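Engineer: Below is the structure I would like to discuss, written out as structure tokens.
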Amino acid sequence: MSDSPVRMKSVELLSDNWGTLKKYSYDFVRRDGQTEPHTREVYDRGNGAVVLPYDPIRGTVLLTRQFRLPAFVTGHDPMLVEACAGLLDDNDAETTARKETEEELGYRLRDIERVFDVFMSPGSVTERLVFFVAVYDASDRISDGGGHEEEGEDIEVLEMTLDEALALVRQHQIVDAKTIMLLQHIKLNGLIS
């Protein structure tokens, strides 16, 4: 007998487009021994990587601004300011972070530091992100960035001071969780004075 508190009864595929949406029916055994039936939907679009390049000399960070449909359909400004990120596809997390930085921001990173791995919305989404920070300077620029037009990307590259970015968080203009987490990591760890 398994020690798992979950006894799966059925799995139903609801959608298989960009990601998969499945409906799970299962019994959950509570800590007190009682068994409860549950039904939950889980969305799986794959795992990803996110990176926030920072210049410790000038006190700046590189961010993106791009359209996000979920923000739009909830009535929020759909042009979100975010750290550079992408799905892993067939790559490891560091390769993805480097590739996305080149495509979206136009910079080739040298040293990159993995800071944490996080489930972004574990109540309903399987996605796990690997978070990175990386030092950059002007000599690392290889293009204008902006993403791949053929993939529907129209990404604006933003360079601002860490203090300006944190002010945008306080003003509710940066509302993306992964970006807020990385900005706070840089501030809390004194990576930019």
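In the structure tokens, chains take letters A, B, ... by order of appearance, with residues numbered from 1 within each chain and ligands from 1 in the order shown.
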With only C-alpha atoms as the counted atoms, please give the residues lying no more than 9 Å from A:Thr126, apart from itself and same-chain residues fewer than 5 positions off, as a list in words.

Structural biologist: Val42, Tyr43, Asp44, Arg45, Gly46, Asn47, Phe119, Met120 and Ser121 of chain A

Engineer: Determine which residues of stretch 106-184 of chain A DSSP labels as strand (DSSP E or B) from the backbone of this structure, then write them out as a PyMOL selection string.

Structural biologist: chain A and resi 107+112-119+125+128-135+141+156-161

Engineer: Report, in Å to a single decimal, how far apart atom CA of A:Leu105 and atom CA of A:Asp154 are.

Structural biologist: 11.5 Å

Engineer: Would you mind reading off the distance between atom CA of A:Ser124 and atom CA of A:Val175, one decimal, in Å?

Structural biologist: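 Straight-line distance from atom CA of A:Ser124 to atom CA of A:Val175 works out to 19.6 Å.
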
Engineer: Could you pull the residues within 8 Å of stretch 85-95 of chain A, counting only C-alpha atoms, minus those fewer than 2 positions along the same chain, as a PyMOL selection string?

Structural biologist: chain A and resi 46-51+83+97-101+112+130

Engineer: For the residues selected in the previous step, produce a file with N, CA and C atoms as a short mmCIF file (atom, residue, chain, number, x, y, z; two decimals), in the first residue's frame.

Structural biologist:
```
data_model
loop_
_atom_site.label_atom_id
_atom_site.label_comp_id
_atom_site.auth_asym_id
_atom_site.auth_seq_id
_atom_site.Cartn_x
_atom_site.Cartn_y
_atom_site.Cartn_z
N GLY A 46 4.24 23.35 -19.41
CA GLY A 46 5.68 23.13 -19.37
C GLY A 46 6.35 24.01 -18.34
N ASN A 47 7.63 23.76 -18.13
CA ASN A 47 8.43 24.53 -17.18
C ASN A 47 9.21 25.61 -17.91
N GLY A 48 9.74 26.57 -17.15
CA GLY A 48 10.44 27.67 -17.79
C GLY A 48 11.62 28.18 -16.98
N ALA A 49 12.23 29.21 -17.53
CA ALA A 49 13.35 29.88 -16.88
C ALA A 49 13.12 31.38 -16.99
N VAL A 50 13.59 32.11 -15.98
CA VAL A 50 13.49 33.57 -15.97
C VAL A 50 14.83 34.11 -15.51
N VAL A 51 15.24 35.22 -16.11
CA VAL A 51 16.53 35.82 -15.77
C VAL A 51 16.39 37.34 -15.68
N ALA A 83 10.56 40.47 -16.17
CA ALA A 83 11.89 39.93 -16.40
C ALA A 83 11.82 39.02 -17.62
N ALA A 97 17.50 30.40 -20.38
CA ALA A 97 17.69 31.77 -19.89
C ALA A 97 18.64 32.55 -20.80
N ARG A 98 19.72 31.94 -21.21
CA ARG A 98 20.68 32.61 -22.10
C ARG A 98 20.05 32.89 -23.47
N LYS A 99 19.35 31.90 -24.03
CA LYS A 99 18.71 32.04 -25.35
C LYS A 99 17.67 33.16 -25.32
N GLU A 100 16.81 33.15 -24.30
CA GLU A 100 15.77 34.18 -24.21
C GLU A 100 16.36 35.57 -24.02
N THR A 101 17.46 35.67 -23.27
CA THR A 101 18.11 36.98 -23.08
C THR A 101 18.62 37.52 -24.42
N ILE A 112 26.14 33.57 -15.07
CA ILE A 112 24.72 33.54 -14.72
C ILE A 112 24.61 32.74 -13.42
N VAL A 130 12.74 28.24 -13.09
CA VAL A 130 14.07 28.36 -12.52
C VAL A 130 14.47 29.83 -12.67
#
```

Engineer: Taking only C-alpha atoms into account, which of A:Asp3, A:Gly145, A:Thr161, A:Phe132 comes nearest A:Met181?

Structural biologist: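 The shortest atom-to-atom distance to A:Met181 comes from A:Phe132.
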
Engineer: Could you state the separation of atom CA of A:Arg30 and atom CA of A:Met8 in Å, given to one decimal place?

Structural biologist: 14.5 Å

Engineer: When DSSP is applied to the backbone of this structure, which of chain A are assigned alpha helix (DSSP H)? Write them out as JSON, numbers by chain.

Structural biologist: {"A": [69, 70, 71, 72, 73, 93, 94, 95, 96, 97, 98, 99, 100, 162, 163, 164, 165, 166, 167, 168, 169, 170, 177, 178, 179, 180, 181, 182, 183, 184, 185, 186, 187, 188]}

Engineer: When distances are computed from only C-alpha atoms, which of A:Gly33, A:Pro56, A:Gly19, A:Gly106 shows the smallest separation from A:Val135?

Structural biologist: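 That would be A:Pro56, the residue with the smallest distance to A:Val135.
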
Engineer: May I ask which of the residues A:Arg141, A:Arg65, A:His148, A:Arg7 is the closest one to A:Gln173, counting only C-alpha atoms?

Structural biologist: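 When distances to A:Gln173 are compared using only C-alpha atoms, the smallest one comes from A:Arg65.
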
Engineer: Might you pull out every residue within 10 Å of A:Glu41, with only C-alpha atoms counted and same-chain residues fewer than 6 positions away left off, and present them as a list in words?

Structural biologist: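 Non-adjacent residues within range: Val11, Glu12, Leu13, Leu14, Leu21, Lys22, Lys23, Tyr24, Ser25, Gly123, Ser124 and Val125 of chain A.
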
Engineer: Those same residues, written as a PDB file, in the first residue's frame with N, CA and C atoms?

Structural biologist:
```
ATOM      1  N   VAL A  11      -8.698  10.523 -14.838  1.00  0.00           N
ATOM      2  CA  VAL A  11      -8.066  11.694 -15.448  1.00  0.00           C
ATOM      3  C   VAL A  11      -8.724  11.885 -16.805  1.00  0.00           C
ATOM      4  N   GLU A  12      -9.233  13.090 -17.050  1.00  0.00           N
ATOM      5  CA  GLU A  12      -9.907  13.402 -18.309  1.00  0.00           C
ATOM      6  C   GLU A  12      -9.201  14.569 -18.992  1.00  0.00           C
ATOM      7  N   LEU A  13      -8.788  14.393 -20.256  1.00  0.00           N
ATOM      8  CA  LEU A  13      -8.173  15.463 -21.025  1.00  0.00           C
ATOM      9  C   LEU A  13      -9.260  16.413 -21.502  1.00  0.00           C
ATOM     10  N   LEU A  14      -9.179  17.685 -21.093  1.00  0.00           N
ATOM     11  CA  LEU A  14     -10.172  18.690 -21.477  1.00  0.00           C
ATOM     12  C   LEU A  14      -9.719  19.521 -22.665  1.00  0.00           C
ATOM     13  N   LEU A  21      -4.941  20.791 -20.474  1.00  0.00           N
ATOM     14  CA  LEU A  21      -5.825  20.995 -19.334  1.00  0.00           C
ATOM     15  C   LEU A  21      -6.490  19.656 -19.055  1.00  0.00           C
ATOM     16  N   LYS A  22      -6.264  19.154 -17.833  1.00  0.00           N
ATOM     17  CA  LYS A  22      -6.830  17.858 -17.448  1.00  0.00           C
ATOM     18  C   LYS A  22      -7.683  18.020 -16.202  1.00  0.00           C
ATOM     19  N   LYS A  23      -8.723  17.180 -16.138  1.00  0.00           N
ATOM     20  CA  LYS A  23      -9.597  17.130 -14.972  1.00  0.00           C
ATOM     21  C   LYS A  23      -9.269  15.850 -14.204  1.00  0.00           C
ATOM     22  N   TYR A  24      -8.886  16.002 -12.941  1.00  0.00           N
ATOM     23  CA  TYR A  24      -8.516  14.885 -12.077  1.00  0.00           C
ATOM     24  C   TYR A  24      -9.607  14.665 -11.028  1.00  0.00           C
ATOM     25  N   SER A  25     -10.030  13.427 -10.900  1.00  0.00           N
ATOM     26  CA  SER A  25     -10.926  13.035  -9.812  1.00  0.00           C
ATOM     27  C   SER A  25     -10.144  12.075  -8.926  1.00  0.00           C
ATOM     28  N   GLY A 123      -1.712  25.795  -7.063  1.00  0.00           N
ATOM     29  CA  GLY A 123      -3.091  25.366  -6.865  1.00  0.00           C
ATOM     30  C   GLY A 123      -3.741  24.823  -8.128  1.00  0.00           C
ATOM     31  N   SER A 124      -3.199  25.209  -9.314  1.00  0.00           N
ATOM     32  CA  SER A 124      -3.850  24.763 -10.547  1.00  0.00           C
ATOM     33  C   SER A 124      -2.917  24.640 -11.751  1.00  0.00           C
ATOM     34  N   VAL A 125      -1.662  25.054 -11.622  1.00  0.00           N
ATOM     35  CA  VAL A 125      -0.742  25.050 -12.757  1.00  0.00           C
ATOM     36  C   VAL A 125       0.516  24.273 -12.378  1.00  0.00           C
TER      37      VAL A 125
END
```

Engineer: For A:Leu166, please output as a PyMOL selection string all residues within 12 Å (counting only C-alpha atoms; exclusion window: fewer than 5 positions along the same chain).

Structural biologist: chain A and resi 60-61+81+160-161+171-175+179-188

Engineer: May I have the selected residues written with N, CA, C and O atoms, as an mmCIF file, in the first residue's frame?

Structural biologist:
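Result saved to again-v2.cif:
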```
data_model
loop_
_atom_site.group_PDB
_atom_site.id
_atom_site.type_symbol
_atom_site.label_atom_id
_atom_site.label_comp_id
_atom_site.auth_asym_id
_atom_site.auth_seq_id
_atom_site.Cartn_x
_atom_site.Cartn_y
_atom_site.Cartn_z
ATOM 1 N N THR A 60 21.593 49.352 -12.774
ATOM 2 C CA THR A 60 20.465 49.170 -13.683
ATOM 3 C C THR A 60 20.074 47.693 -13.823
ATOM 4 O O THR A 60 20.854 46.791 -13.509
ATOM 5 N N VAL A 61 18.866 47.487 -14.322
ATOM 6 C CA VAL A 61 18.351 46.154 -14.655
ATOM 7 C C VAL A 61 17.746 46.218 -16.059
ATOM 8 O O VAL A 61 17.358 47.295 -16.533
ATOM 9 N N VAL A 81 5.314 44.801 -17.636
ATOM 10 C CA VAL A 81 6.762 44.912 -17.486
ATOM 11 C C VAL A 81 7.214 43.670 -16.739
ATOM 12 O O VAL A 81 6.696 43.364 -15.652
ATOM 13 N N MET A 160 16.403 50.301 -16.736
ATOM 14 C CA MET A 160 16.116 51.304 -15.704
ATOM 15 C C MET A 160 16.915 50.964 -14.463
ATOM 16 O O MET A 160 17.443 49.853 -14.345
ATOM 17 N N THR A 161 16.986 51.911 -13.560
ATOM 18 C CA THR A 161 17.695 51.635 -12.316
ATOM 19 C C THR A 161 16.851 50.690 -11.457
ATOM 20 O O THR A 161 15.625 50.602 -11.612
ATOM 21 N N GLN A 171 4.116 51.281 -7.116
ATOM 22 C CA GLN A 171 3.039 52.006 -7.814
ATOM 23 C C GLN A 171 2.099 51.056 -8.565
ATOM 24 O O GLN A 171 1.247 51.489 -9.316
ATOM 25 N N HIS A 172 2.265 49.756 -8.366
ATOM 26 C CA HIS A 172 1.438 48.719 -9.002
ATOM 27 C C HIS A 172 1.536 48.748 -10.519
ATOM 28 O O HIS A 172 0.592 48.367 -11.218
ATOM 29 N N GLN A 173 2.686 49.178 -11.032
ATOM 30 C CA GLN A 173 2.916 49.168 -12.477
ATOM 31 C C GLN A 173 3.727 47.947 -12.911
ATOM 32 O O GLN A 173 3.706 47.588 -14.075
ATOM 33 N N ILE A 174 4.473 47.347 -11.999
ATOM 34 C CA ILE A 174 5.061 46.025 -12.218
ATOM 35 C C ILE A 174 4.254 45.092 -11.327
ATOM 36 O O ILE A 174 4.297 45.202 -10.098
ATOM 37 N N VAL A 175 3.500 44.184 -11.970
ATOM 38 C CA VAL A 175 2.590 43.304 -11.233
ATOM 39 C C VAL A 175 2.886 41.826 -11.502
ATOM 40 O O VAL A 175 2.116 40.951 -11.100
ATOM 41 N N THR A 179 9.027 38.788 -11.708
ATOM 42 C CA THR A 179 9.828 40.012 -11.792
ATOM 43 C C THR A 179 10.004 40.639 -10.419
ATOM 44 O O THR A 179 11.124 41.022 -10.043
ATOM 45 N N ILE A 180 8.932 40.724 -9.667
ATOM 46 C CA ILE A 180 9.004 41.287 -8.318
ATOM 47 C C ILE A 180 9.963 40.469 -7.456
ATOM 48 O O ILE A 180 10.796 41.024 -6.729
ATOM 49 N N MET A 181 9.891 39.150 -7.567
ATOM 50 C CA MET A 181 10.765 38.284 -6.776
ATOM 51 C C MET A 181 12.237 38.528 -7.106
ATOM 52 O O MET A 181 13.082 38.592 -6.199
ATOM 53 N N LEU A 182 12.556 38.657 -8.386
ATOM 54 C CA LEU A 182 13.958 38.863 -8.763
ATOM 55 C C LEU A 182 14.444 40.261 -8.391
ATOM 56 O O LEU A 182 15.592 40.424 -7.952
ATOM 57 N N LEU A 183 13.599 41.266 -8.539
ATOM 58 C CA LEU A 183 13.988 42.616 -8.120
ATOM 59 C C LEU A 183 14.272 42.635 -6.618
ATOM 60 O O LEU A 183 15.269 43.207 -6.165
ATOM 61 N N GLN A 184 13.409 41.987 -5.840
ATOM 62 C CA GLN A 184 13.622 41.932 -4.395
ATOM 63 C C GLN A 184 14.878 41.133 -4.052
ATOM 64 O O GLN A 184 15.605 41.495 -3.125
ATOM 65 N N HIS A 185 15.144 40.067 -4.788
ATOM 66 C CA HIS A 185 16.355 39.277 -4.550
ATOM 67 C C HIS A 185 17.601 40.147 -4.732
ATOM 68 O O HIS A 185 18.520 40.106 -3.904
ATOM 69 N N ILE A 186 17.624 40.915 -5.805
ATOM 70 C CA ILE A 186 18.783 41.787 -6.069
ATOM 71 C C ILE A 186 18.928 42.823 -4.947
ATOM 72 O O ILE A 186 20.028 43.051 -4.436
ATOM 73 N N LYS A 187 17.818 43.413 -4.547
ATOM 74 C CA LYS A 187 17.859 44.426 -3.481
ATOM 75 C C LYS A 187 18.261 43.812 -2.128
ATOM 76 O O LYS A 187 19.160 44.318 -1.461
ATOM 77 N N LEU A 188 17.604 42.723 -1.742
ATOM 78 C CA LEU A 188 17.862 42.106 -0.440
ATOM 79 C C LEU A 188 19.267 41.555 -0.298
ATOM 80 O O LEU A 188 19.816 41.501 0.805
#
```
